[in-house]
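Asks: Handing over input.tsv, TSV, C-alpha atoms.
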chain	number	residue	atom	x	y	z
A	1	MET	CA	-16.26	8.55	22.18
A	2	GLY	CA	-15.39	6.16	19.39
A	3	TYR	CA	-12.90	4.36	21.60
A	4	TYR	CA	-15.57	3.88	24.25
A	5	PHE	CA	-17.85	2.17	21.77
A	6	GLY	CA	-15.00	0.15	20.35
A	7	VAL	CA	-14.14	-1.48	23.67
A	8	ASN	CA	-17.60	-1.94	25.13
A	9	LYS	CA	-20.36	-4.24	23.96
A	10	ILE	CA	-23.33	-2.42	22.48
A	11	ASN	CA	-26.61	-4.24	21.92
A	12	PHE	CA	-29.34	-2.84	19.69
A	13	ASP	CA	-32.90	-3.97	19.17
A	14	TRP	CA	-34.73	-2.34	16.25
A	15	LYS	CA	-38.35	-3.35	15.73
A	16	ASN	CA	-40.81	-1.41	13.60
A	17	TYR	CA	-38.25	1.40	13.54
A	18	ASN	CA	-38.71	2.00	17.29
A	19	PRO	CA	-35.08	1.81	18.39
A	20	LYS	CA	-34.26	0.34	21.80
A	21	LEU	CA	-30.73	0.57	23.07
A	22	SER	CA	-29.06	-1.27	25.90
A	23	VAL	CA	-25.42	-0.74	26.84
A	24	VAL	CA	-23.50	-3.59	28.44
A	25	ALA	CA	-20.28	-2.85	30.42
A	26	LYS	CA	-21.04	0.86	30.78
A	27	GLU	CA	-17.92	1.85	32.69
A	28	PRO	CA	-15.25	3.33	30.42
A	29	PRO	CA	-11.53	2.78	31.02
A	30	ALA	CA	-10.12	4.80	33.90
A	31	GLN	CA	-8.31	7.26	31.64
A	32	LEU	CA	-11.65	8.17	30.00
A	33	SER	CA	-13.66	8.53	33.18
A	34	ALA	CA	-13.91	12.33	32.79
A	35	VAL	CA	-15.36	12.24	29.28
A	36	ASP	CA	-18.89	13.65	29.11
A	37	PHE	CA	-21.05	11.52	26.79
A	38	SER	CA	-24.27	13.43	27.40
A	39	SER	CA	-24.10	15.32	24.10
A	40	PHE	CA	-23.57	12.07	22.21
A	41	TRP	CA	-26.68	10.50	23.72
A	42	LYS	CA	-28.67	13.66	23.06
A	43	VAL	CA	-27.73	13.59	19.39
A	44	TRP	CA	-28.59	9.89	19.16
A	45	GLN	CA	-31.94	10.52	20.81
A	46	LYS	CA	-32.70	13.47	18.52
A	47	LEU	CA	-31.98	11.35	15.48
A	48	GLU	CA	-34.23	8.59	16.75
A	49	SER	CA	-37.06	11.00	17.45
A	50	ASN	CA	-36.86	13.53	14.67
A	51	TYR	CA	-35.10	12.16	11.60
A	52	TYR	CA	-37.73	11.99	8.88
A	53	ASP	CA	-36.66	8.68	7.25
A	54	LYS	CA	-36.51	6.03	9.97
A	55	THR	CA	-35.25	3.43	7.46
A	56	LYS	CA	-31.92	5.26	7.43
A	57	LEU	CA	-31.38	4.74	11.18
A	58	ASN	CA	-29.03	1.78	10.89
A	59	SER	CA	-27.60	1.16	14.34
A	60	GLN	CA	-24.45	-0.59	13.16
A	61	LYS	CA	-23.66	2.11	10.61
A	62	MET	CA	-24.19	4.79	13.26
A	63	LEU	CA	-21.85	3.00	15.64
A	64	ASN	CA	-19.22	2.51	12.94
A	65	GLY	CA	-19.59	6.15	11.97
A	66	ALA	CA	-19.00	7.27	15.56
A	67	ILE	CA	-15.82	5.22	15.80
A	68	SER	CA	-14.62	6.29	12.36
A	69	GLY	CA	-15.23	9.93	13.25
A	70	MET	CA	-13.11	9.64	16.37
A	71	VAL	CA	-10.26	8.06	14.42
A	72	ALA	CA	-10.56	10.63	11.62
A	73	SER	CA	-10.17	13.47	14.14
A	74	LEU	CA	-6.44	12.64	14.25
A	75	ASP	CA	-6.07	13.84	10.63
A	76	ASP	CA	-3.89	10.82	9.89
A	77	PRO	CA	-4.99	9.04	6.68
A	78	PHE	CA	-3.21	5.86	7.75
A	79	THR	CA	-4.84	5.53	11.18
A	80	VAL	CA	-8.19	4.00	10.29
A	81	TYR	CA	-11.04	2.01	11.75
A	82	LEU	CA	-12.07	-0.88	9.51
A	83	PRO	CA	-15.56	-2.37	9.88
A	84	PRO	CA	-15.73	-6.12	9.23
A	85	VAL	CA	-16.13	-6.03	5.44
A	86	GLN	CA	-13.37	-3.50	4.95
A	87	ASN	CA	-11.06	-5.30	7.37
A	88	ASP	CA	-11.65	-8.56	5.52
A	89	ASN	CA	-10.85	-6.86	2.21
A	90	PHE	CA	-7.57	-5.58	3.61
A	91	LYS	CA	-6.56	-9.02	4.89
A	92	GLN	CA	-7.44	-10.62	1.56
A	93	GLY	CA	-5.14	-8.18	-0.19
A	94	LEU	CA	-2.18	-9.11	1.99
A	95	ALA	CA	-3.03	-12.79	1.55
A	96	GLY	CA	-2.59	-12.34	-2.18
A	97	GLN	CA	-6.10	-12.96	-3.54
A	98	PHE	CA	-9.28	-10.90	-3.67
A	99	GLN	CA	-12.04	-9.82	-6.06
A	100	GLY	CA	-11.89	-6.31	-7.43
A	101	ILE	CA	-10.04	-4.17	-9.95
A	102	GLY	CA	-6.46	-4.69	-8.73
A	103	ALA	CA	-5.32	-1.23	-7.63
A	104	GLU	CA	-3.71	-0.05	-4.39
A	105	LEU	CA	-5.35	3.14	-3.14
A	106	GLY	CA	-4.17	5.84	-0.78
A	107	LEU	CA	-5.11	9.26	0.56
A	108	LYS	CA	-3.10	12.30	-0.44
A	109	ASP	CA	-4.13	15.93	-0.02
A	110	GLN	CA	-7.57	14.67	1.08
A	111	LYS	CA	-8.07	12.89	-2.24
A	112	ILE	CA	-8.44	9.19	-3.04
A	113	ILE	CA	-5.48	8.44	-5.28
A	114	VAL	CA	-4.12	5.35	-6.99
A	115	ILE	CA	-0.78	4.37	-5.48
A	116	SER	CA	-0.35	1.69	-8.09
A	117	PRO	CA	-2.35	-0.60	-10.37
A	118	LEU	CA	-1.20	-4.21	-10.09
A	119	ASN	CA	0.53	-5.67	-13.10
A	120	GLY	CA	-1.94	-7.35	-15.44
A	121	SER	CA	-4.93	-6.26	-13.37
A	122	PRO	CA	-8.26	-5.05	-14.79
A	123	ALA	CA	-7.37	-1.57	-13.52
A	124	GLN	CA	-4.10	-1.49	-15.44
A	125	LYS	CA	-5.68	-2.89	-18.60
A	126	ALA	CA	-8.41	-0.23	-18.43
A	127	GLY	CA	-5.87	2.59	-18.28
A	128	ILE	CA	-5.68	3.36	-14.55
A	129	LYS	CA	-2.24	4.78	-13.69
A	130	ALA	CA	-0.23	5.43	-10.53
A	131	GLY	CA	-1.00	8.95	-9.33
A	132	ASP	CA	-4.56	9.05	-10.70
A	133	SER	CA	-7.11	10.86	-8.53
A	134	ILE	CA	-10.45	9.07	-8.16
A	135	LEU	CA	-13.17	11.72	-8.26
A	136	ALA	CA	-16.25	9.48	-8.29
A	137	VAL	CA	-17.30	5.83	-8.05
A	138	ASN	CA	-20.34	4.83	-10.13
A	139	GLY	CA	-21.30	8.48	-10.37
A	140	GLY	CA	-21.13	9.13	-6.62
A	141	SER	CA	-18.57	11.68	-5.47
A	142	ALA	CA	-15.48	10.31	-3.72
A	143	ALA	CA	-14.68	13.67	-2.15
A	144	ASN	CA	-15.76	12.76	1.38
A	145	LEU	CA	-14.95	9.06	1.37
A	146	THR	CA	-12.46	7.57	3.76
A	147	LEU	CA	-9.90	5.22	2.27
A	148	SER	CA	-11.70	2.14	3.59
A	149	GLN	CA	-15.06	3.39	2.24
A	150	ALA	CA	-13.53	3.92	-1.20
A	151	VAL	CA	-12.07	0.41	-1.24
A	152	GLU	CA	-15.44	-1.07	-0.22
A	153	LYS	CA	-17.25	0.75	-3.03
A	154	ILE	CA	-14.69	-0.16	-5.70
A	155	ARG	CA	-14.29	-3.84	-4.84
A	156	GLY	CA	-16.95	-6.33	-5.80
A	157	PRO	CA	-17.68	-9.78	-7.23
A	158	LYS	CA	-15.93	-11.07	-10.33
A	159	GLY	CA	-17.72	-10.12	-13.55
A	160	THR	CA	-19.41	-7.00	-12.21
A	161	THR	CA	-18.56	-3.52	-13.51
A	162	VAL	CA	-17.49	-0.39	-11.67
A	163	THR	CA	-17.13	3.04	-13.28
A	164	LEU	CA	-14.43	5.31	-11.92
A	165	THR	CA	-14.20	8.99	-12.74
A	166	VAL	CA	-10.48	9.71	-12.71
A	167	SER	CA	-8.10	12.55	-13.32
A	168	HIS	CA	-4.64	11.55	-14.49
A	169	LYS	CA	-1.71	13.19	-12.75
A	170	ASP	CA	-0.73	16.57	-14.25
A	171	GLU	CA	-3.96	16.70	-16.28
A	172	ASN	CA	-6.83	19.08	-15.60
A	173	SER	CA	-9.57	17.05	-17.26
A	174	SER	CA	-11.30	13.90	-15.99
A	175	LYS	CA	-12.87	10.89	-17.67
A	176	ASP	CA	-14.99	7.87	-16.85
A	177	ILE	CA	-13.30	4.48	-16.99
A	178	LYS	CA	-15.36	1.28	-16.84
A	179	ILE	CA	-13.61	-1.70	-15.26
A	180	VAL	CA	-14.86	-5.27	-15.06
A	181	ARG	CA	-13.89	-6.77	-11.72
A	182	ASP	CA	-12.05	-10.07	-11.55
A	183	VAL	CA	-10.29	-12.39	-9.10
A	184	ILE	CA	-6.96	-10.74	-8.41
A	185	THR	CA	-4.12	-13.10	-7.52
A	186	VAL	CA	-0.99	-11.29	-6.49
A	187	LYS	CA	2.29	-13.14	-6.88
A	188	SER	CA	4.87	-11.16	-4.99
A	189	VAL	CA	8.06	-12.14	-6.80
A	190	GLU	CA	9.09	-12.53	-10.44
A	191	THR	CA	12.66	-13.25	-11.64
A	192	TRP	CA	14.53	-13.87	-14.89
A	193	ILE	CA	17.97	-13.76	-16.47
A	194	LYS	CA	18.14	-12.55	-20.07
A	195	LYS	CA	20.63	-11.27	-22.61
A	196	GLY	CA	20.31	-7.62	-23.55
A	197	LYS	CA	18.98	-8.43	-27.00
A	198	ASP	CA	16.20	-10.59	-25.51
A	199	ILE	CA	14.80	-8.11	-22.97
A	200	ASP	CA	11.46	-6.69	-24.03
A	201	SER	CA	11.58	-2.99	-24.98
A	202	ILE	CA	15.35	-2.75	-24.53
A	203	GLU	CA	17.21	-0.87	-27.30
A	204	LEU	CA	20.78	-0.68	-26.07
A	205	GLY	CA	22.73	-1.40	-29.21
A	206	LYS	CA	24.59	-4.42	-30.51
A	207	GLN	CA	27.51	-3.91	-28.12
A	208	PHE	CA	25.29	-5.02	-25.22
A	209	ALA	CA	23.41	-7.76	-27.03
A	210	ASP	CA	25.14	-10.70	-25.35
A	211	SER	CA	25.52	-9.17	-21.88
A	212	GLU	CA	23.22	-10.82	-19.38
A	213	ILE	CA	21.08	-9.13	-16.75
A	214	ALA	CA	19.24	-10.64	-13.78
A	215	TYR	CA	15.88	-9.13	-12.87
A	216	ILE	CA	13.80	-9.32	-9.68
A	217	ARG	CA	10.32	-7.81	-9.54
A	218	LEU	CA	8.71	-7.42	-6.08
A	219	SER	CA	5.06	-6.36	-6.27
A	220	GLN	CA	4.13	-6.21	-2.56
A	221	PHE	CA	5.13	-7.20	0.97
A	222	GLY	CA	2.35	-9.61	1.95
A	223	ASP	CA	1.63	-12.84	3.78
A	224	ASN	CA	3.46	-15.03	1.25
A	225	THR	CA	6.24	-12.67	0.21
A	226	ASN	CA	9.09	-14.13	2.26
A	227	SER	CA	8.51	-17.73	1.21
A	228	GLU	CA	8.07	-16.72	-2.44
A	229	TRP	CA	11.21	-14.59	-2.22
A	230	LEU	CA	13.37	-17.37	-0.78
A	231	SER	CA	12.29	-19.83	-3.45
A	232	ALA	CA	12.82	-17.37	-6.31
A	233	VAL	CA	16.15	-15.97	-5.09
A	234	ASN	CA	17.59	-19.40	-4.32
A	235	ASP	CA	16.86	-20.45	-7.91
A	236	LEU	CA	18.22	-17.16	-9.23
A	237	ASN	CA	21.43	-17.49	-7.21
A	238	LEU	CA	22.06	-20.96	-8.63
A	239	SER	CA	21.72	-19.50	-12.11
A	240	LEU	CA	24.03	-16.60	-11.28
A	241	SER	CA	26.67	-19.06	-10.06
A	242	SER	CA	26.64	-20.95	-13.36
A	243	GLN	CA	26.36	-17.94	-15.70
A	244	LYS	CA	29.49	-15.82	-15.47
A	245	ASN	CA	28.43	-13.16	-17.96
A	246	VAL	CA	25.68	-11.65	-15.77
A	247	LYS	CA	26.48	-7.99	-15.17
A	248	GLY	CA	24.20	-7.46	-12.19
A	249	VAL	CA	20.65	-7.36	-10.84
A	250	VAL	CA	17.83	-4.93	-11.59
A	251	PHE	CA	15.55	-4.90	-8.53
A	252	ASP	CA	12.17	-3.53	-9.60
A	253	MET	CA	9.90	-2.15	-6.87
A	254	ARG	CA	7.86	0.16	-9.09
A	255	ASN	CA	4.17	0.28	-8.13
A	256	ASN	CA	4.90	-1.69	-4.94
A	257	PRO	CA	2.52	-0.26	-2.31
A	258	GLY	CA	4.35	-1.82	0.64
A	259	GLY	CA	3.18	-4.08	3.45
A	260	TYR	CA	4.81	-5.59	6.51
A	261	LEU	CA	7.79	-3.83	8.13
A	262	SER	CA	9.35	-7.16	9.09
A	263	ASP	CA	9.27	-8.19	5.42
A	264	ALA	CA	11.10	-5.00	4.45
A	265	VAL	CA	13.92	-5.90	6.82
A	266	PHE	CA	13.92	-9.49	5.50
A	267	ILE	CA	14.18	-8.39	1.85
A	268	ALA	CA	16.82	-5.72	2.48
A	269	SER	CA	18.91	-8.32	4.30
A	270	GLU	CA	19.31	-10.20	1.00
A	271	PHE	CA	21.52	-7.41	-0.31
A	272	LEU	CA	23.19	-6.04	2.86
A	273	LYS	CA	25.81	-7.44	5.17
A	274	GLU	CA	24.49	-8.65	8.51
A	275	GLY	CA	24.29	-5.81	11.02
A	276	ALA	CA	23.84	-3.05	8.44
A	277	THR	CA	21.11	-0.57	9.35
A	278	VAL	CA	17.89	-1.05	7.39
A	279	VAL	CA	15.52	1.41	9.05
A	280	ILE	CA	15.22	3.56	12.16
A	281	GLU	CA	11.88	3.40	13.94
A	282	GLU	CA	11.11	6.60	15.88
A	283	GLU	CA	8.32	6.79	18.45
A	284	ALA	CA	7.57	8.70	21.63
A	285	ALA	CA	9.72	6.38	23.74
A	286	GLY	CA	12.77	6.82	21.50
A	287	LYS	CA	14.44	5.30	18.47
A	288	THR	CA	14.89	1.64	17.55
A	289	THR	CA	17.34	0.61	14.85
A	290	LEU	CA	16.40	-2.43	12.78
A	291	LYS	CA	19.36	-4.13	11.11
A	292	ALA	CA	19.97	-6.74	8.43
A	293	ASN	CA	19.38	-9.97	10.32
A	294	ARG	CA	20.31	-12.84	8.04
A	295	ARG	CA	22.99	-13.89	5.59
A	296	GLY	CA	21.95	-12.69	2.16
A	297	LEU	CA	22.82	-14.35	-1.14
A	298	LEU	CA	23.20	-11.16	-3.18
A	299	ILE	CA	25.35	-8.93	-0.98
A	300	ASP	CA	28.12	-8.51	-3.57
A	301	THR	CA	26.13	-8.51	-6.83
A	302	PRO	CA	26.00	-5.13	-8.65
A	303	LEU	CA	22.54	-3.71	-8.09
A	304	ILE	CA	20.17	-1.09	-9.51
A	305	VAL	CA	16.78	-0.38	-7.88
A	306	LEU	CA	13.79	0.88	-9.86
A	307	ILE	CA	11.18	3.04	-8.09
A	308	ASN	CA	8.31	5.28	-9.14
A	309	LYS	CA	5.44	7.27	-7.66
A	310	GLY	CA	3.68	3.98	-6.88
A	311	SER	CA	6.53	2.77	-4.64
A	312	ALA	CA	5.40	3.31	-1.05
A	313	SER	CA	6.00	2.36	2.56
A	314	ALA	CA	7.98	-0.90	2.83
A	315	SER	CA	9.34	-0.55	-0.71
A	316	GLU	CA	10.63	2.91	0.22
A	317	ILE	CA	12.23	1.46	3.35
A	318	VAL	CA	14.14	-1.10	1.28
A	319	ALA	CA	15.13	1.38	-1.43
A	320	GLY	CA	16.30	3.93	1.13
A	321	ALA	CA	18.30	1.30	3.02
A	322	LEU	CA	20.07	0.07	-0.10
A	323	ARG	CA	21.02	3.58	-1.21
A	324	ASP	CA	22.11	4.86	2.21
A	325	ASN	CA	24.33	1.80	2.62
A	326	ASN	CA	25.94	2.60	-0.76
A	327	ARG	CA	24.60	-0.67	-2.06
A	328	ALA	CA	22.53	0.52	-5.02
A	329	GLN	CA	21.54	3.42	-7.23
A	330	LEU	CA	17.87	4.39	-7.50
A	331	ILE	CA	16.47	4.96	-10.98
A	332	GLY	CA	13.00	6.08	-12.01
A	333	GLU	CA	10.64	8.61	-10.40
A	334	THR	CA	10.24	10.11	-6.93
A	335	SER	CA	8.47	7.59	-4.71
A	336	PHE	CA	5.11	8.03	-2.96
A	337	GLY	CA	6.31	9.32	0.42
A	338	LYS	CA	4.75	7.28	3.24
A	339	GLY	CA	7.01	7.58	6.26
A	340	THR	CA	4.92	6.10	9.06
A	341	ILE	CA	4.40	2.63	10.53
A	342	GLN	CA	1.00	1.19	11.42
A	343	GLN	CA	0.02	-1.55	13.84
A	344	ALA	CA	-3.00	-3.65	12.85
A	345	GLU	CA	-5.29	-4.80	15.65
A	346	ASP	CA	-8.39	-7.00	15.59
A	347	LEU	CA	-11.23	-5.56	17.66
A	348	GLY	CA	-13.48	-8.62	17.59
A	349	GLY	CA	-16.52	-9.23	15.46
A	350	GLY	CA	-14.40	-8.90	12.32
A	351	ALA	CA	-13.54	-5.21	12.77
A	352	GLY	CA	-10.00	-3.90	12.87
A	353	LEU	CA	-8.00	-0.82	13.73
A	354	HIS	CA	-4.80	0.40	12.10
A	355	VAL	CA	-2.90	2.78	14.37
A	356	THR	CA	0.16	4.81	13.41
A	357	ILE	CA	2.65	3.91	16.12
A	358	ALA	CA	5.86	5.44	14.78
A	359	LYS	CA	7.56	7.16	11.93
A	360	TRP	CA	10.51	5.62	10.13
A	361	LEU	CA	13.78	7.09	8.93
A	362	THR	CA	16.30	5.82	6.41
A	363	PRO	CA	19.75	4.83	7.75
A	364	ASN	CA	20.89	8.42	7.04
A	365	GLN	CA	17.92	9.62	9.16
A	366	ILE	CA	15.88	10.96	6.24
A	367	TRP	CA	12.10	11.11	6.74
A	368	VAL	CA	10.40	10.59	3.37
A	369	ASP	CA	6.84	11.38	4.50
A	370	GLY	CA	5.09	13.56	1.94
A	371	LYS	CA	8.34	13.94	-0.04
A	372	GLY	CA	9.33	10.47	-1.18
A	373	LEU	CA	12.75	9.26	-2.26
A	374	THR	CA	14.28	11.22	-5.12
A	375	PRO	CA	16.05	8.81	-7.50
A	376	ASP	CA	19.74	9.20	-8.30
A	377	ILE	CA	18.83	9.11	-11.99
A	378	GLU	CA	15.37	10.44	-12.80
A	379	ILE	CA	13.74	8.88	-15.86
A	380	ASN	CA	10.09	9.28	-16.79
A	381	LEU	CA	8.25	6.89	-19.06
A	382	ASP	CA	7.28	8.23	-22.47
A	383	SER	CA	3.49	8.09	-22.89
A	384	LYS	CA	3.98	8.39	-26.66
A	385	ARG	CA	6.14	5.25	-26.67
A	386	PRO	CA	4.47	2.94	-24.11
A	387	GLU	CA	6.11	-0.12	-25.66
A	388	ARG	CA	9.50	1.01	-24.33
A	389	ASP	CA	10.43	0.80	-20.66
A	390	LEU	CA	12.92	3.65	-20.52
A	391	GLN	CA	13.53	3.16	-16.81
A	392	LEU	CA	14.49	-0.48	-17.25
A	393	GLU	CA	16.64	0.46	-20.23
A	394	LYS	CA	18.56	2.97	-18.13
A	395	ALA	CA	19.03	0.43	-15.35
A	396	VAL	CA	20.47	-2.10	-17.76
A	397	GLU	CA	22.71	0.54	-19.31
A	398	GLU	CA	24.09	1.51	-15.89
A	399	LEU	CA	24.88	-2.11	-15.02
A	400	ILE	CA	26.56	-2.87	-18.33
A	401	LYS	CA	28.65	0.26	-18.88
Take the structure from the file and write it as structure tokens.
Replies:
Amino acid sequence: MGYYFGVNKINFDWKNYNPKLSVVAKEPPAQLSAVDFSSFWKVWQKLESNYYDKTKLNSQKMLNGAISGMVASLDDPFTVYLPPVQNDNFKQGLAGQFQGIGAELGLKDQKIIVISPLNGSPAQKAGIKAGDSILAVNGGSAANLTLSQAVEKIRGPKGTTVTLTVSHKDENSSKDIKIVRDVITVKSVETWIKKGKDIDSIELGKQFADSEIAYIRLSQFGDNTNSEWLSAVNDLNLSLSSQKNVKGVVFDMRNNPGGYLSDAVFIASEFLKEGATVVIEEEAAGKTTLKANRRGLLIDTPLIVLINKGSASASEIVAGALRDNNRAQLIGETSFGKGTIQQAEDLGGGAGLHVTIAKWLTPNQIWVDGKGLTPDIEINLDSKRPERDLQLEKAVEELIK
């Protein structure tokens, strides 16, 4: 039913709350010719005739609801219909700038959860953490919201306030957190080279004080990621060539919610020899193996990868590829566990559809969906000592020892 409305042009004329409906291009696609729409039209007519509050009969919302309901029947939280506003919000996020609180959301166990707050975002500053469950938005329950509906309610103009009722992971209580929205600019890549004694929160002892470590932080896989990555890594490689005391690279993908599959292959290729398997795409027609497809600059540099429960999708693809190719150890926490691939399609009029087209496997044919990647060395952050990054400390220790 939803598909029928999505591919045919529907015209509505509402005057004085006396709805008039005309359907253009009535014939459905051949494969849907046996679908009986009579019950749908009966329900629509009953609502028009009998619903007590005619101001609530919004034709566009009813149409969007019909399409969303069809998509939701698949019970796949990542196959979603996005009305124009929600689709625009999604595209803005990948483009690297939007107005909101700066948190990547997901659906898990039928709950709206925070995959990761962006570094320096209003959400992070207010105390939102990866793994938080969002129970309500401005006092309204989030229990029956789709992911796109939750995003639409939480985003808003710079300077406005939204109140989220959240439950932190492994806690039974909930609390209200007020967040002032802002313009969120997401820079995908951050790099530095520092001596052990100069790294914030590192307490490794005097024996490591003069050992140098290179660091790459990748926050998402978006529209500008590849160009930002090339610029940053080219500069970093020049520094590595001139500084002989660098022990290795810490590659930080904590709280990276993912993004484009092609970007995951591009980033993994920086550390793997050409032709090495990055990811296996499995769909109904069979399996497709995607391999490292360019000459990387860091294929021989000692490497540690940091992940946590906010590392999802494309970041899990890269982390899994580097470990399965014996290229890196994983340190941190078990990752989010999103093992499917979506294709984004524009439907016209600003709306979009994300369809799960395949699942992905690591080079060792491990499916992480719902399970995540378990790190080789599991280290949790200490909430009583937030000034120390114990995961980064362990990564540095492993590279230096």
Asks: Wanna dump the segment 261-371 of chain A-segment 391-400 of chain A contacts at 10 Å for me, each residue with its shortest atom pair and the distance in Å to one decimal, counting all atoms listed in the file, ordered by chain and number, as JSON lines?
Replies:
{"residue": "A:Pro302", "atom": "CA", "partner": "A:Leu399", "partner_atom": "CA", "distance": 7.1}
{"residue": "A:Leu303", "atom": "CA", "partner": "A:Leu399", "partner_atom": "CA", "distance": 7.5}
{"residue": "A:Ile304", "atom": "CA", "partner": "A:Ala395", "partner_atom": "CA", "distance": 6.1}
{"residue": "A:Val305", "atom": "CA", "partner": "A:Ala395", "partner_atom": "CA", "distance": 7.8}
{"residue": "A:Leu306", "atom": "CA", "partner": "A:Gln391", "partner_atom": "CA", "distance": 7.3}
{"residue": "A:Ile307", "atom": "CA", "partner": "A:Gln391", "partner_atom": "CA", "distance": 9.0}
{"residue": "A:Asn308", "atom": "CA", "partner": "A:Gln391", "partner_atom": "CA", "distance": 9.5}
{"residue": "A:Gln329", "atom": "CA", "partner": "A:Ala395", "partner_atom": "CA", "distance": 9.0}
{"residue": "A:Leu330", "atom": "CA", "partner": "A:Ala395", "partner_atom": "CA", "distance": 8.9}
{"residue": "A:Ile331", "atom": "CA", "partner": "A:Gln391", "partner_atom": "CA", "distance": 6.8}
{"residue": "A:Gly332", "atom": "CA", "partner": "A:Gln391", "partner_atom": "CA", "distance": 5.6}
{"residue": "A:Glu333", "atom": "CA", "partner": "A:Gln391", "partner_atom": "CA", "distance": 8.9}
Asks: Please provide the set of residues having any atom within 12 Å of Trp44 of chain A, restricted to all atoms listed in the file, with same-chain residues fewer than 4 positions apart removed, written as JSON, numbers by chain.
Replies: {"A": [19, 20, 21, 37, 38, 39, 40, 48, 49, 50, 51, 57, 58, 59, 62, 63, 66]}
Asks: Which residues come within 12 Å of Ile128 of chain A, counting only C-alpha atoms, excluding same-chain residues fewer than 6 positions away, as a list in words?
Replies: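 Counting only C-alpha atoms, the residues come to Ile101, Gly102, Ala103, Glu104, Leu105, Ile113, Val114, Ile115, Ser116, Pro117, Leu118, Asn119, Gly120, Ser121, Pro122, Ile134, Thr163, Leu164, Thr165, Val166, Ser167, His168, Lys169, Lys175, Asp176, Ile177, Lys178 and Ile179 of chain A.
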Asks: With all atoms listed in the file as the counted atoms, please give the residues lying no more than 12 Å from segment 226-243 of chain A, apart from itself and same-chain residues fewer than 2 positions off, as a count of residues only.
Replies: 51
Asks: Interatomic distance between atom CA of Glu281 of chain A and atom CA of Leu74 of chain A?
Replies: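 The value is 20.5 Å.
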Asks: Given only C-alpha atoms, how would the per-residue table for segment 35-141 of chain A near segment 336-352 of chain A read, listing every residue at most 10 Å away with its closest atom pair and distance in Å to one decimal, sorted by chain and number, as JSON lines?
Replies:
{"residue": "A:Asn64", "atom": "CA", "partner": "A:Ala351", "partner_atom": "CA", "distance": 9.6}
{"residue": "A:Phe78", "atom": "CA", "partner": "A:Gln342", "partner_atom": "CA", "distance": 7.3}
{"residue": "A:Thr79", "atom": "CA", "partner": "A:Gln342", "partner_atom": "CA", "distance": 7.3}
{"residue": "A:Val80", "atom": "CA", "partner": "A:Gly352", "partner_atom": "CA", "distance": 8.5}
{"residue": "A:Tyr81", "atom": "CA", "partner": "A:Gly352", "partner_atom": "CA", "distance": 6.1}
{"residue": "A:Leu82", "atom": "CA", "partner": "A:Gly352", "partner_atom": "CA", "distance": 5.0}
{"residue": "A:Pro83", "atom": "CA", "partner": "A:Ala351", "partner_atom": "CA", "distance": 4.5}
{"residue": "A:Pro84", "atom": "CA", "partner": "A:Ala351", "partner_atom": "CA", "distance": 4.3}
{"residue": "A:Val85", "atom": "CA", "partner": "A:Gly350", "partner_atom": "CA", "distance": 7.7}
{"residue": "A:Gln86", "atom": "CA", "partner": "A:Ala351", "partner_atom": "CA", "distance": 8.0}
{"residue": "A:Asn87", "atom": "CA", "partner": "A:Gly352", "partner_atom": "CA", "distance": 5.8}
{"residue": "A:Asp88", "atom": "CA", "partner": "A:Gly350", "partner_atom": "CA", "distance": 7.3}
{"residue": "A:Phe90", "atom": "CA", "partner": "A:Gly352", "partner_atom": "CA", "distance": 9.7}
{"residue": "A:Gly106", "atom": "CA", "partner": "A:Phe336", "partner_atom": "CA", "distance": 9.8}
{"residue": "A:Lys108", "atom": "CA", "partner": "A:Phe336", "partner_atom": "CA", "distance": 9.6}
{"residue": "A:Ile115", "atom": "CA", "partner": "A:Phe336", "partner_atom": "CA", "distance": 7.4}
{"residue": "A:Ser116", "atom": "CA", "partner": "A:Phe336", "partner_atom": "CA", "distance": 9.8}
{"residue": "A:Ala130", "atom": "CA", "partner": "A:Phe336", "partner_atom": "CA", "distance": 9.6}
{"residue": "A:Gly131", "atom": "CA", "partner": "A:Phe336", "partner_atom": "CA", "distance": 8.9}
